[in-house]
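Heads up, upload28.txt below (compact mmCIF, C-alpha atoms):
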# COMPACT_ATOMS: atom_id res chain seq x y z
CA MET D 1 93.44 92.62 114.84
CA ALA D 2 92.69 93.43 111.18
CA ARG D 3 95.18 95.65 109.39
CA ARG D 4 94.87 97.89 106.35
CA ILE D 5 97.87 96.98 104.20
CA ALA D 6 98.95 99.06 101.20
CA ILE D 7 101.20 97.43 98.61
CA VAL D 8 102.93 99.92 96.32
CA LEU D 9 104.11 98.42 93.02
CA PHE D 10 106.97 100.35 91.44
CA ASN D 11 107.36 100.23 87.67
CA LEU D 12 108.77 102.31 84.82
CA GLY D 13 105.57 103.59 83.20
CA GLY D 14 104.88 104.27 79.56
CA PRO D 15 102.94 106.68 77.34
CA ASP D 16 99.19 106.12 77.08
CA GLY D 17 99.05 107.48 73.53
CA GLN D 18 101.06 109.13 70.78
CA GLU D 19 100.79 112.61 72.32
CA ASP D 20 102.40 111.29 75.52
CA VAL D 21 105.55 109.85 73.92
CA LYS D 22 107.68 113.00 73.92
CA PRO D 23 106.85 114.11 77.51
CA PHE D 24 107.37 110.53 78.69
CA LEU D 25 110.84 110.48 77.12
CA ARG D 26 111.64 113.85 78.63
CA ASN D 27 110.64 112.61 82.09
CA LEU D 28 112.87 109.58 81.61
CA PHE D 29 115.99 111.45 80.52
CA ARG D 30 115.67 114.30 83.02
CA ASP D 31 116.04 111.80 85.89
CA PRO D 32 119.49 112.27 87.52
CA ALA D 33 119.63 108.49 88.02
CA ILE D 34 119.60 108.11 84.22
CA ILE D 35 121.73 111.11 83.19
CA GLY D 36 124.09 112.23 85.92
CA ALA D 37 124.90 115.65 84.47
CA PRO D 38 124.30 118.93 86.36
CA GLY D 39 120.67 120.10 86.38
CA PRO D 40 120.69 122.64 83.51
CA VAL D 41 122.77 120.33 81.30
CA ARG D 42 120.54 117.37 82.10
CA GLU D 43 117.39 119.37 81.29
CA ALA D 44 118.86 120.45 77.96
CA LEU D 45 119.88 116.88 77.12
CA ALA D 46 116.43 115.58 78.11
CA TRP D 47 114.79 118.10 75.79
CA PHE D 48 117.19 117.26 72.94
CA ILE D 49 116.88 113.46 73.29
CA SER D 50 113.11 113.49 73.67
CA THR D 51 112.79 115.74 70.62
CA THR D 52 115.12 113.76 68.37
CA ARG D 53 113.83 110.34 69.44
CA ALA D 54 110.13 111.16 69.52
CA LYS D 55 109.44 110.26 65.87
CA SER D 56 111.03 106.79 65.99
CA ALA D 57 109.58 106.10 69.44
CA LYS D 58 106.08 107.02 68.24
CA ALA D 59 106.48 104.61 65.33
CA ASN D 60 107.39 101.80 67.72
CA TYR D 61 104.50 102.57 70.07
CA ALA D 62 102.20 102.67 67.04
CA LEU D 63 103.03 99.00 66.50
CA MET D 64 101.39 98.36 69.88
CA GLY D 65 98.28 100.43 69.21
CA GLY D 66 99.73 103.86 69.89
CA GLY D 67 100.82 103.61 73.52
CA SER D 68 102.46 101.34 76.04
CA PRO D 69 100.73 98.25 77.47
CA LEU D 70 102.79 98.52 80.65
CA TYR D 71 100.10 100.07 82.84
CA PRO D 72 97.39 97.52 81.86
CA GLU D 73 99.91 94.71 82.36
CA THR D 74 100.91 96.07 85.77
CA LYS D 75 97.22 96.42 86.68
CA LYS D 76 96.73 92.71 85.95
CA GLN D 77 99.65 91.89 88.24
CA SER D 78 98.19 94.18 90.89
CA THR D 79 94.84 92.37 90.71
CA ALA D 80 96.48 88.93 90.88
CA LEU D 81 98.69 89.93 93.82
CA THR D 82 95.75 91.43 95.71
CA ALA D 83 93.82 88.16 95.32
CA ALA D 84 96.82 86.10 96.47
CA LEU D 85 97.34 88.28 99.55
CA LYS D 86 93.66 88.28 100.48
CA SER D 87 93.81 84.50 100.46
CA ALA D 88 97.04 84.42 102.49
CA LEU D 89 95.99 87.17 104.93
CA PRO D 90 92.20 86.74 105.23
CA GLY D 91 91.93 88.91 108.33
CA ASP D 92 93.50 91.96 106.70
CA GLU D 93 92.30 94.53 104.17
CA ILE D 94 94.65 94.61 101.18
CA ARG D 95 94.95 97.27 98.51
CA CYS D 96 97.59 97.57 95.78
CA PHE D 97 98.70 100.94 94.39
CA ILE D 98 100.70 101.43 91.19
CA ALA D 99 103.56 103.94 91.22
CA MET D 100 105.06 104.62 87.81
CA ARG D 101 108.32 106.52 87.58
CA TYR D 102 107.96 108.38 84.27
CA TRP D 103 104.24 108.48 83.47
CA HIS D 104 100.85 108.31 85.14
CA PRO D 105 100.12 107.20 87.77
CA PHE D 106 103.35 108.83 88.98
CA VAL D 107 105.00 107.96 92.30
CA GLU D 108 103.71 111.28 93.65
CA GLU D 109 100.15 110.27 92.75
CA ALA D 110 100.61 106.94 94.49
CA VAL D 111 101.90 108.67 97.63
CA ALA D 112 98.77 110.86 97.73
CA ALA D 113 96.47 107.87 97.17
CA VAL D 114 98.16 105.80 99.89
CA LYS D 115 97.97 108.67 102.37
CA ALA D 116 94.28 109.18 101.58
CA TRP D 117 93.59 105.51 102.29
CA ALA D 118 95.55 105.73 105.57
CA PRO D 119 96.91 102.17 105.85
CA ASP D 120 98.34 100.62 108.99
CA GLU D 121 101.20 99.11 106.98
CA THR D 122 102.79 100.05 103.67
CA VAL D 123 105.00 97.72 101.64
CA LEU D 124 107.04 99.01 98.70
CA LEU D 125 107.47 96.28 96.09
CA PRO D 126 109.47 97.01 92.91
CA LEU D 127 108.53 95.07 89.79
CA TYR D 128 112.25 95.02 89.05
CA PRO D 129 113.63 91.69 90.36
CA GLN D 130 117.21 92.97 90.16
CA PHE D 131 118.14 96.20 91.95
CA SER D 132 119.62 99.13 90.06
CA THR D 133 120.11 102.73 91.05
CA THR D 134 118.41 103.59 87.75
CA THR D 135 115.18 101.69 88.48
CA THR D 136 114.32 100.73 92.07
CA GLY D 137 116.79 103.27 93.45
CA SER D 138 115.20 106.06 91.43
CA SER D 139 111.69 105.04 92.50
CA LEU D 140 112.67 104.97 96.18
CA THR D 141 114.21 108.43 95.83
CA ALA D 142 110.98 109.69 94.26
CA TRP D 143 108.90 108.05 97.04
CA ASN D 144 110.94 109.76 99.75
CA LYS D 145 110.99 113.10 97.94
CA ALA D 146 107.20 112.99 97.63
CA GLY D 147 106.87 112.44 101.39
CA GLY D 148 105.89 108.82 101.18
CA GLY D 149 106.77 108.20 104.79
CA PRO D 150 107.86 105.02 106.58
CA ALA D 151 107.34 101.76 104.74
CA ARG D 152 108.55 98.20 104.60
CA THR D 153 110.68 98.07 101.49
CA ILE D 154 111.70 95.11 99.34
CA CYS D 155 114.88 96.07 97.53
CA CYS D 156 115.23 93.14 95.10
CA TYR D 157 114.59 89.42 94.62
CA PRO D 158 116.89 88.08 91.88
CA GLU D 159 116.78 84.51 93.17
CA GLU D 160 113.30 84.41 94.73
CA PRO D 161 112.05 80.81 94.22
CA GLY D 162 108.69 81.78 92.69
CA PHE D 163 110.31 84.19 90.23
CA ILE D 164 112.87 81.56 89.24
CA ALA D 165 110.27 78.77 88.96
CA ALA D 166 107.97 80.92 86.84
CA TYR D 167 110.66 81.69 84.29
CA ALA D 168 111.97 78.14 84.21
CA LYS D 169 108.45 76.92 83.46
CA LEU D 170 107.84 79.55 80.77
CA ILE D 171 111.14 78.73 79.09
CA ARG D 172 110.52 74.99 79.16
CA GLU D 173 106.99 75.42 77.79
CA SER D 174 108.25 77.68 75.00
CA TRP D 175 110.96 75.19 74.08
CA GLU D 176 108.45 72.34 74.04
CA LYS D 177 106.01 74.32 71.84
CA ALA D 178 108.90 74.93 69.42
CA GLY D 179 109.30 71.14 69.09
CA LYS D 180 112.12 70.70 71.61
CA PRO D 181 114.88 71.69 69.16
CA ALA D 182 118.09 69.92 70.11
CA ASN D 183 120.20 72.80 68.82
CA ALA D 184 118.49 75.45 70.96
CA ARG D 185 120.55 78.19 72.54
CA LEU D 186 118.85 79.92 75.46
CA LEU D 187 119.61 83.63 75.57
CA PHE D 188 118.67 85.57 78.71
CA SER D 189 118.20 89.17 77.59
CA ALA D 190 118.19 91.97 80.18
CA HIS D 191 118.06 95.72 79.72
CA GLY D 192 121.59 97.08 79.56
CA LEU D 193 123.27 99.87 81.49
CA PRO D 194 126.21 102.14 80.73
CA GLU D 195 129.33 100.41 81.99
CA LYS D 196 130.27 103.38 84.17
CA ILE D 197 127.15 102.87 86.31
CA VAL D 198 128.12 99.29 87.08
CA LYS D 199 131.74 100.27 87.73
CA ALA D 200 130.43 102.82 90.24
CA GLY D 201 129.05 99.95 92.32
CA ASP D 202 125.58 99.29 90.89
CA PRO D 203 124.80 95.57 91.55
CA TYR D 204 122.34 95.16 88.66
CA GLN D 205 124.53 93.13 86.30
CA TRP D 206 125.71 90.82 89.07
CA GLN D 207 122.12 90.24 90.20
CA VAL D 208 120.94 89.57 86.64
CA GLU D 209 123.61 86.92 86.26
CA GLN D 210 122.55 85.31 89.55
CA SER D 211 118.97 85.15 88.27
CA CYS D 212 120.05 83.54 85.01
CA ALA D 213 122.23 80.95 86.72
CA ALA D 214 119.40 80.02 89.09
CA ILE D 215 116.91 79.63 86.22
CA ALA D 216 119.37 77.66 84.09
CA ALA D 217 120.01 75.29 87.00
CA ARG D 218 116.36 74.21 86.70
CA LEU D 219 116.72 73.56 82.97
CA PRO D 220 119.30 70.80 82.48
CA GLU D 221 117.82 70.06 79.05
CA LEU D 222 118.93 73.55 77.93
CA SER D 223 122.59 73.52 78.88
CA ASP D 224 123.60 75.92 76.06
CA TRP D 225 122.76 79.33 77.51
CA GLN D 226 124.13 82.85 77.69
CA VAL D 227 123.36 86.22 79.28
CA CYS D 228 123.14 89.32 77.07
CA TYR D 229 121.99 92.93 77.31
CA GLN D 230 119.67 94.89 75.05
CA SER D 231 118.44 98.45 74.38
CA ARG D 232 121.85 100.09 74.08
CA VAL D 233 121.68 103.77 73.11
CA GLY D 234 124.09 106.71 72.94
CA PRO D 235 127.88 106.95 72.71
CA LEU D 236 128.78 105.51 76.13
CA LYS D 237 130.18 102.02 76.49
CA TRP D 238 127.47 99.66 77.77
CA ILE D 239 127.70 96.36 79.59
CA GLY D 240 127.73 93.33 77.32
CA PRO D 241 127.64 91.21 75.40
CA SER D 242 124.86 92.96 73.51
CA THR D 243 121.76 90.98 72.59
CA ASP D 244 121.99 91.80 68.89
CA GLU D 245 125.61 90.62 68.65
CA THR D 246 124.77 87.48 70.63
CA ILE D 247 121.83 86.71 68.33
CA GLU D 248 124.00 87.20 65.26
CA ALA D 249 126.59 84.78 66.63
CA ALA D 250 124.00 82.13 67.56
CA ALA D 251 122.23 82.50 64.23
CA GLY D 252 125.54 82.19 62.39
CA GLU D 253 125.97 78.80 64.06
CA GLY D 254 122.52 77.76 62.86
CA LYS D 255 121.08 77.66 66.36
CA HIS D 256 117.41 77.75 67.28
CA ILE D 257 117.31 80.88 69.46
CA LEU D 258 115.20 80.77 72.61
CA LEU D 259 115.09 84.32 73.96
CA ALA D 260 113.92 85.05 77.53
CA PRO D 261 113.47 88.64 78.86
CA VAL D 262 114.84 87.89 82.31
CA ALA D 263 114.78 91.42 83.77
CA PHE D 264 111.34 92.31 82.36
CA VAL D 265 108.37 90.86 84.25
CA SER D 266 105.77 92.71 82.12
CA GLU D 267 105.30 92.97 78.38
CA HIS D 268 106.14 96.41 77.00
CA ILE D 269 108.03 98.10 74.17
CA GLU D 270 111.34 96.32 74.79
CA THR D 271 109.69 92.90 74.55
CA LEU D 272 106.87 93.46 72.05
CA VAL D 273 108.90 95.50 69.55
CA GLU D 274 112.59 94.96 70.23
CA LEU D 275 112.42 91.22 70.97
CA ASP D 276 109.38 90.17 68.94
CA ILE D 277 110.04 92.19 65.80
CA GLU D 278 113.56 93.60 65.56
CA TYR D 279 115.48 90.66 67.02
CA ALA D 280 113.30 88.08 65.24
CA GLU D 281 114.17 89.74 61.93
CA LEU D 282 117.84 89.87 62.92
CA ALA D 283 117.87 86.15 63.74
CA GLU D 284 116.24 85.22 60.44
CA ARG D 285 118.57 87.46 58.46
CA HIS D 286 121.64 85.79 59.96
CA GLY D 287 120.49 82.22 59.40
CA ALA D 288 118.99 81.03 62.69
CA SER D 289 117.18 77.72 62.32
CA GLY D 290 114.38 79.09 64.50
CA TYR D 291 113.50 81.92 66.88
CA THR D 292 111.25 81.57 69.93
CA ARG D 293 110.56 84.38 72.37
CA VAL D 294 109.70 83.38 75.94
CA PRO D 295 106.90 85.48 77.52
CA ALA D 296 107.54 87.78 80.47
CA ALA D 297 106.45 86.49 83.88
CA GLY D 298 103.27 88.56 83.91
CA THR D 299 100.71 86.88 86.16
CA ALA D 300 102.32 83.44 86.14
CA PRO D 301 101.09 81.72 89.33
CA ASP D 302 104.57 80.97 90.68
CA PHE D 303 105.64 84.57 90.18
CA VAL D 304 102.56 86.03 91.85
CA SER D 305 102.91 83.56 94.72
CA GLY D 306 106.54 84.62 95.09
CA LEU D 307 105.57 88.30 95.24
CA ALA D 308 102.95 87.52 97.89
CA GLY D 309 105.60 85.68 99.89
CA LEU D 310 107.91 88.68 99.71
CA VAL D 311 105.16 90.92 101.05
CA LYS D 312 104.35 88.56 103.92
CA THR D 313 108.03 88.39 104.87
CA ALA D 314 108.35 92.18 104.70
CA LEU D 315 105.45 92.54 107.13
CA GLN D 316 107.45 90.71 109.77
CA GLY D 317 109.97 92.57 111.90
CA ASP D 318 111.01 96.21 111.73
CA THR D 319 110.07 98.68 109.05
CA GLY D 320 112.67 99.84 106.59
CA LEU D 321 114.52 98.39 103.63
CA LYS D 322 115.34 94.69 103.72
CA PRO D 323 117.43 92.39 101.52
CA PRO D 324 115.80 89.13 100.40
CA GLY D 325 115.39 86.88 103.43
CA GLY D 326 117.31 89.40 105.53
CA GLN D 327 120.56 87.80 104.37
CA ARG D 328 123.65 89.09 102.58
CA LEU D 329 123.27 89.16 98.84
CA CYS D 330 125.54 91.48 96.85
CA PRO D 331 129.30 91.17 97.32
CA ALA D 332 130.92 93.99 99.27
CA GLY D 333 132.34 95.61 96.14
CA PHE D 334 128.90 96.79 95.08
CA GLY D 335 128.72 99.99 97.08
CA GLN D 336 125.45 101.11 95.47
CA CYS D 337 123.57 98.15 96.96
CA PRO D 338 121.05 99.83 99.32
CA CYS D 339 121.36 97.04 101.90
CA ARG D 340 125.16 96.98 101.98
CA ALA D 341 125.56 99.22 105.02
CA GLU D 342 123.39 96.97 107.18
CA THR D 343 124.13 93.53 105.79
CA MET D 344 127.70 93.47 104.51
CA ASP D 345 131.21 93.95 105.72
CA VAL D 346 132.56 97.36 104.84
Now that the file is in, can you turn its structure into structure tokens?
Amino acid sequence: MARRIAIVLFNLGGPDGQEDVKPFLRNLFRDPAIIGAPGPVREALAWFISTTRAKSAKANYALMGGGSPLYPETKKQSTALTAALKSALPGDEIRCFIAMRYWHPFVEEAVAAVKAWAPDETVLLPLYPQFSTTTTGSSLTAWNKAGGGPARTICCYPEEPGFIAAYAKLIRESWEKAGKPANARLLFSAHGLPEKIVKAGDPYQWQVEQSCAAIAARLPELSDWQVCYQSRVGPLKWIGPSTDETIEAAAGEGKHILLAPVAFVSEHIETLVELDIEYAELAERHGASGYTRVPAAGTAPDFVSGLAGLVKTALQGDTGLKPPGGQRLCPAGFGQCPCRAETMDV
């Protein structure tokens, strides 16, 4: 019997134009998953941060045409995934919906659109391979708060074979295009988090490191590799080592830097400005023999195939939130892992 299957793609969102930058930033920093202060304090901080950072943020978005490319990039992934699922599930009607956390189309808008379509099955698929309370966790909270209803939920996929294969291929191709430099150092750069969030049991850093190890295992020709974390802001101590310090060290050794955005599967401000412009200049200034940025996974065939496989697996069995393959993943110490209660020893 044919089914109507809704796939909801969670992502961060980004401003469409210059006038959207400040309200986008305010939405971001008023999220209790980002700033854990009491409501009135958090609102005041969100207003202050969005006001003080708006000018520099607008300048960075201007480098990309005025707004973020994240929605168009996510739309491309949505189209590719829909095609892959229609091929894999020819008897079913497939429709993908985009649910952005901090700008349009918001999670609340996606909930309304899904309800209007009235699917038989709904699958929630974060475009964050590694789970964090600040990304997937926040999106799931917003889905539930908006009355999203029962769904089959994919929490994370840090070692999903298609995701790993896609990045290994992109890294190898980038290295080959750079002339196969023998002195290359592969740096996996992921968005950072305040250290206190990880110490509270968030599994993000551990999952990022599992992703990097799995990708590196497919690249024996690039045995010199390291994990680092970018986008550090504010006075709190963040997880490390930081990407800028890691680049400075590699450049000081005269390395050819091969930089891969392992936690970003779509191009956006952190890749197109921070990695392509700021870190490239940093590498040159500190004497790197070369600098090559690996693209995000985007619509790489292996990645899209992997996402389709995750959806097909989620459609089997009971509804609810499932760990990858239904197996244990995060060690028991990570109490913020959403699957821990069902899949791990307490």
List the neighbours of Lys199 (chain D) out to 12 Å using only C-alpha atoms; skip same-chain residues closer than 6 positions along the sequence, and give me the result as a PyMOL selection string.
chain D and resi 193+205-206+237-239+333-336
Would you kindly return, as a count of residues only, each protein, DNA or RNA residue with an atom no farther than 12 Å from any atom of Ala190 (chain D), considering all atoms listed in the file and excluding same-chain residues fewer than 4 positions away?
36
Find the spatial neighbours of Lys180 (chain D), counting only C-alpha atoms, within a cut-off of 12 Å - ignore same-chain residues fewer than 2 positions away - and output them as a CSV table (one decimal) with C-alpha atoms, in the coordinates of the input.
chain,number,residue,atom,x,y,z
D,171,ILE,CA,111.1,78.7,79.1
D,172,ARG,CA,110.5,75.0,79.2
D,173,GLU,CA,107.0,75.4,77.8
D,174,SER,CA,108.2,77.7,75.0
D,175,TRP,CA,111.0,75.2,74.1
D,176,GLU,CA,108.4,72.3,74.0
D,177,LYS,CA,106.0,74.3,71.8
D,178,ALA,CA,108.9,74.9,69.4
D,182,ALA,CA,118.1,69.9,70.1
D,183,ASN,CA,120.2,72.8,68.8
D,184,ALA,CA,118.5,75.4,71.0
D,185,ARG,CA,120.6,78.2,72.5
D,221,GLU,CA,117.8,70.1,79.0
D,222,LEU,CA,118.9,73.6,77.9
D,256,HIS,CA,117.4,77.8,67.3
D,257,ILE,CA,117.3,80.9,69.5
D,258,LEU,CA,115.2,80.8,72.6
D,290,GLY,CA,114.4,79.1,64.5
D,292,THR,CA,111.2,81.6,69.9
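Minimum atom-to-atom distance to Gly137 (chain D), evaluated using all atoms listed in the file, belongs to D:Cys339 out of D:Cys339, D:Val111, D:Ala57, D:Ala214.
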Neighbourhood query: residues within 10 Å of (106.2, 105.0, 68.9), file coordinates, counting all atoms listed in the file; return as an MDAnalysis selection string.
chainID D and resid 15 17:22 53:68 269 273
Quick one: pull the distance between CA of Gly317 (chain D) and CA of Cys156 (chain D), Å, one decimal.
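Separating CA of Gly317 (chain D) from CA of Cys156 (chain D) is a distance of 17.6 Å.
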When you look at Ala99 (chain D) with a cut-off of 9 Å (counting all atoms listed in the file), what residues show up, excluding the ones that are within fewer than 6 positions of it in the same chain? I need them as a PyMOL selection string.
chain D and resi 8-13+105-111+139+143
Counting only C-alpha atoms, the residue of D:Tyr167, D:Gly192, D:His104, D:Ile247 that sits nearest Ala213 (chain D)
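The shortest atom-to-atom distance to Ala213 (chain D) comes from D:Tyr167.
Each of D:Met1, D:Ala37, D:Ile94, D:Leu186 was compared to Ala250 (chain D) using all atoms listed in the file, and D:Leu186 turns out to be the nearest.
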For the atom pair CA of Leu127 (chain D) and CA of Arg3 (chain D), what is the interatomic distance in Å to one decimal place?
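Interatomic distance, CA of Leu127 (chain D) to CA of Arg3 (chain D): 23.7 Å.
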When you draw a straight line from CA of Leu310 (chain D) to CA of Ile154 (chain D), how long is it in Å?
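Going from CA of Leu310 (chain D) over to CA of Ile154 (chain D), I get 7.5 Å.
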Specify the axis-aligned box that encloses all atoms of region 273-289 of chain D listed in the file after padding of 5 Å on each side, stating its centre and edge lengths in Å to one decimal as AutoDock Vina command-line options.
--center_x 115.3 --center_y 86.6 --center_z 64.7 --size_x 22.7 --size_y 27.8 --size_z 22.5
Quick one: everything within 10 Å of Pro161 (chain D), counting only C-alpha atoms, minus sequence neighbours fewer than 4 positions away in the same chain. Send it as an MDAnalysis selection string.
chainID D and resid 157 165:166 214:215 302:303 305:307 309
For Leu70 (chain D), the nearest of the candidates D:Ala308, D:Ala300, D:Leu25, D:Met100, counting only C-alpha atoms
D:Met100
Would you please work out which residue, of D:Thr141, D:Thr51, D:Asp120, D:Gly298, is nearest to His268 (chain D) when using all atoms listed in the file?
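Ranked by minimum distance to His268 (chain D), first place goes to D:Gly298.
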Just add all heavy atoms to region 152-161 of chain D and send it as a PDB file, in the coordinates of the input.
ATOM      1  N   ARG D 152     107.740  99.415 104.686  1.00  0.00           N
ATOM      2  CA  ARG D 152     108.550  98.200 104.600  1.00  0.00           C
ATOM      3  C   ARG D 152     108.927  98.036 103.131  1.00  0.00           C
ATOM      4  O   ARG D 152     108.044  97.979 102.274  1.00  0.00           O
ATOM      5  CB  ARG D 152     107.751  97.008 105.116  1.00  0.00           C
ATOM      6  CG  ARG D 152     107.278  97.189 106.562  1.00  0.00           C
ATOM      7  CD  ARG D 152     106.394  96.035 107.001  1.00  0.00           C
ATOM      8  NE  ARG D 152     105.832  96.288 108.318  1.00  0.00           N
ATOM      9  CZ  ARG D 152     106.434  95.971 109.467  1.00  0.00           C
ATOM     10  NH1 ARG D 152     107.632  95.398 109.434  1.00  0.00           N
ATOM     11  NH2 ARG D 152     105.857  96.230 110.613  1.00  0.00           N
ATOM     12  N   THR D 153     110.204  97.985 102.869  1.00  0.00           N
ATOM     13  CA  THR D 153     110.680  98.070 101.490  1.00  0.00           C
ATOM     14  C   THR D 153     111.429  96.822 101.062  1.00  0.00           C
ATOM     15  O   THR D 153     112.366  96.392 101.731  1.00  0.00           O
ATOM     16  CB  THR D 153     111.597  99.302 101.322  1.00  0.00           C
ATOM     17  OG1 THR D 153     110.899 100.462 101.747  1.00  0.00           O
ATOM     18  CG2 THR D 153     112.020  99.468  99.877  1.00  0.00           C
ATOM     19  N   ILE D 154     111.021  96.262  99.941  1.00  0.00           N
ATOM     20  CA  ILE D 154     111.700  95.110  99.340  1.00  0.00           C
ATOM     21  C   ILE D 154     112.639  95.654  98.276  1.00  0.00           C
ATOM     22  O   ILE D 154     112.193  96.287  97.314  1.00  0.00           O
ATOM     23  CB  ILE D 154     110.677  94.141  98.732  1.00  0.00           C
ATOM     24  CG1 ILE D 154     109.747  93.603  99.823  1.00  0.00           C
ATOM     25  CG2 ILE D 154     111.370  93.001  97.988  1.00  0.00           C
ATOM     26  CD1 ILE D 154     108.437  93.064  99.314  1.00  0.00           C
ATOM     27  N   CYS D 155     113.937  95.433  98.449  1.00  0.00           N
ATOM     28  CA  CYS D 155     114.880  96.070  97.530  1.00  0.00           C
ATOM     29  C   CYS D 155     115.039  95.293  96.221  1.00  0.00           C
ATOM     30  O   CYS D 155     115.228  95.890  95.163  1.00  0.00           O
ATOM     31  CB  CYS D 155     116.243  96.248  98.188  1.00  0.00           C
ATOM     32  SG  CYS D 155     117.148  94.727  98.471  1.00  0.00           S
ATOM     33  N   CYS D 156     114.950  93.966  96.280  1.00  0.00           N
ATOM     34  CA  CYS D 156     115.230  93.140  95.100  1.00  0.00           C
ATOM     35  C   CYS D 156     114.902  91.687  95.436  1.00  0.00           C
ATOM     36  O   CYS D 156     114.723  91.337  96.600  1.00  0.00           O
ATOM     37  CB  CYS D 156     116.695  93.269  94.694  1.00  0.00           C
ATOM     38  SG  CYS D 156     117.842  92.834  96.032  1.00  0.00           S
ATOM     39  N   TYR D 157     114.859  90.845  94.394  1.00  0.00           N
ATOM     40  CA  TYR D 157     114.590  89.420  94.620  1.00  0.00           C
ATOM     41  C   TYR D 157     115.087  88.601  93.429  1.00  0.00           C
ATOM     42  O   TYR D 157     114.329  87.859  92.812  1.00  0.00           O
ATOM     43  CB  TYR D 157     113.096  89.183  94.873  1.00  0.00           C
ATOM     44  CG  TYR D 157     112.164  89.964  93.942  1.00  0.00           C
ATOM     45  CD1 TYR D 157     111.614  89.383  92.801  1.00  0.00           C
ATOM     46  CD2 TYR D 157     111.835  91.279  94.228  1.00  0.00           C
ATOM     47  CE1 TYR D 157     110.763  90.088  91.973  1.00  0.00           C
ATOM     48  CE2 TYR D 157     110.981  92.004  93.407  1.00  0.00           C
ATOM     49  CZ  TYR D 157     110.446  91.396  92.275  1.00  0.00           C
ATOM     50  OH  TYR D 157     109.601  92.109  91.452  1.00  0.00           O
ATOM     51  N   PRO D 158     116.368  88.734  93.095  1.00  0.00           N
ATOM     52  CA  PRO D 158     116.890  88.080  91.880  1.00  0.00           C
ATOM     53  C   PRO D 158     116.865  86.567  91.905  1.00  0.00           C
ATOM     54  O   PRO D 158     116.907  85.939  90.839  1.00  0.00           O
ATOM     55  CB  PRO D 158     118.324  88.612  91.806  1.00  0.00           C
ATOM     56  CG  PRO D 158     118.684  88.953  93.213  1.00  0.00           C
ATOM     57  CD  PRO D 158     117.418  89.480  93.812  1.00  0.00           C
ATOM     58  N   GLU D 159     116.808  85.968  93.089  1.00  0.00           N
ATOM     59  CA  GLU D 159     116.780  84.510  93.170  1.00  0.00           C
ATOM     60  C   GLU D 159     115.557  84.003  93.939  1.00  0.00           C
ATOM     61  O   GLU D 159     115.550  82.894  94.428  1.00  0.00           O
ATOM     62  CB  GLU D 159     118.058  83.994  93.828  1.00  0.00           C
ATOM     63  CG  GLU D 159     119.319  84.311  93.041  1.00  0.00           C
ATOM     64  CD  GLU D 159     120.584  83.831  93.737  1.00  0.00           C
ATOM     65  OE1 GLU D 159     120.991  82.685  93.493  1.00  0.00           O
ATOM     66  OE2 GLU D 159     121.141  84.622  94.541  1.00  0.00           O
ATOM     67  N   GLU D 160     114.512  84.820  94.023  1.00  0.00           N
ATOM     68  CA  GLU D 160     113.300  84.410  94.730  1.00  0.00           C
ATOM     69  C   GLU D 160     112.737  83.157  94.057  1.00  0.00           C
ATOM     70  O   GLU D 160     112.575  83.110  92.837  1.00  0.00           O
ATOM     71  CB  GLU D 160     112.284  85.560  94.680  1.00  0.00           C
ATOM     72  CG  GLU D 160     111.152  85.448  95.677  1.00  0.00           C
ATOM     73  CD  GLU D 160     110.135  84.415  95.290  1.00  0.00           C
ATOM     74  OE1 GLU D 160     109.759  84.365  94.095  1.00  0.00           O
ATOM     75  OE2 GLU D 160     109.720  83.642  96.178  1.00  0.00           O
ATOM     76  N   PRO D 161     112.439  82.096  94.812  1.00  0.00           N
ATOM     77  CA  PRO D 161     112.050  80.810  94.220  1.00  0.00           C
ATOM     78  C   PRO D 161     110.858  80.882  93.264  1.00  0.00           C
ATOM     79  O   PRO D 161     110.851  80.209  92.222  1.00  0.00           O
ATOM     80  CB  PRO D 161     111.749  79.944  95.437  1.00  0.00           C
ATOM     81  CG  PRO D 161     112.616  80.504  96.518  1.00  0.00           C
ATOM     82  CD  PRO D 161     112.622  81.990  96.280  1.00  0.00           C
TER      83      PRO D 161
END
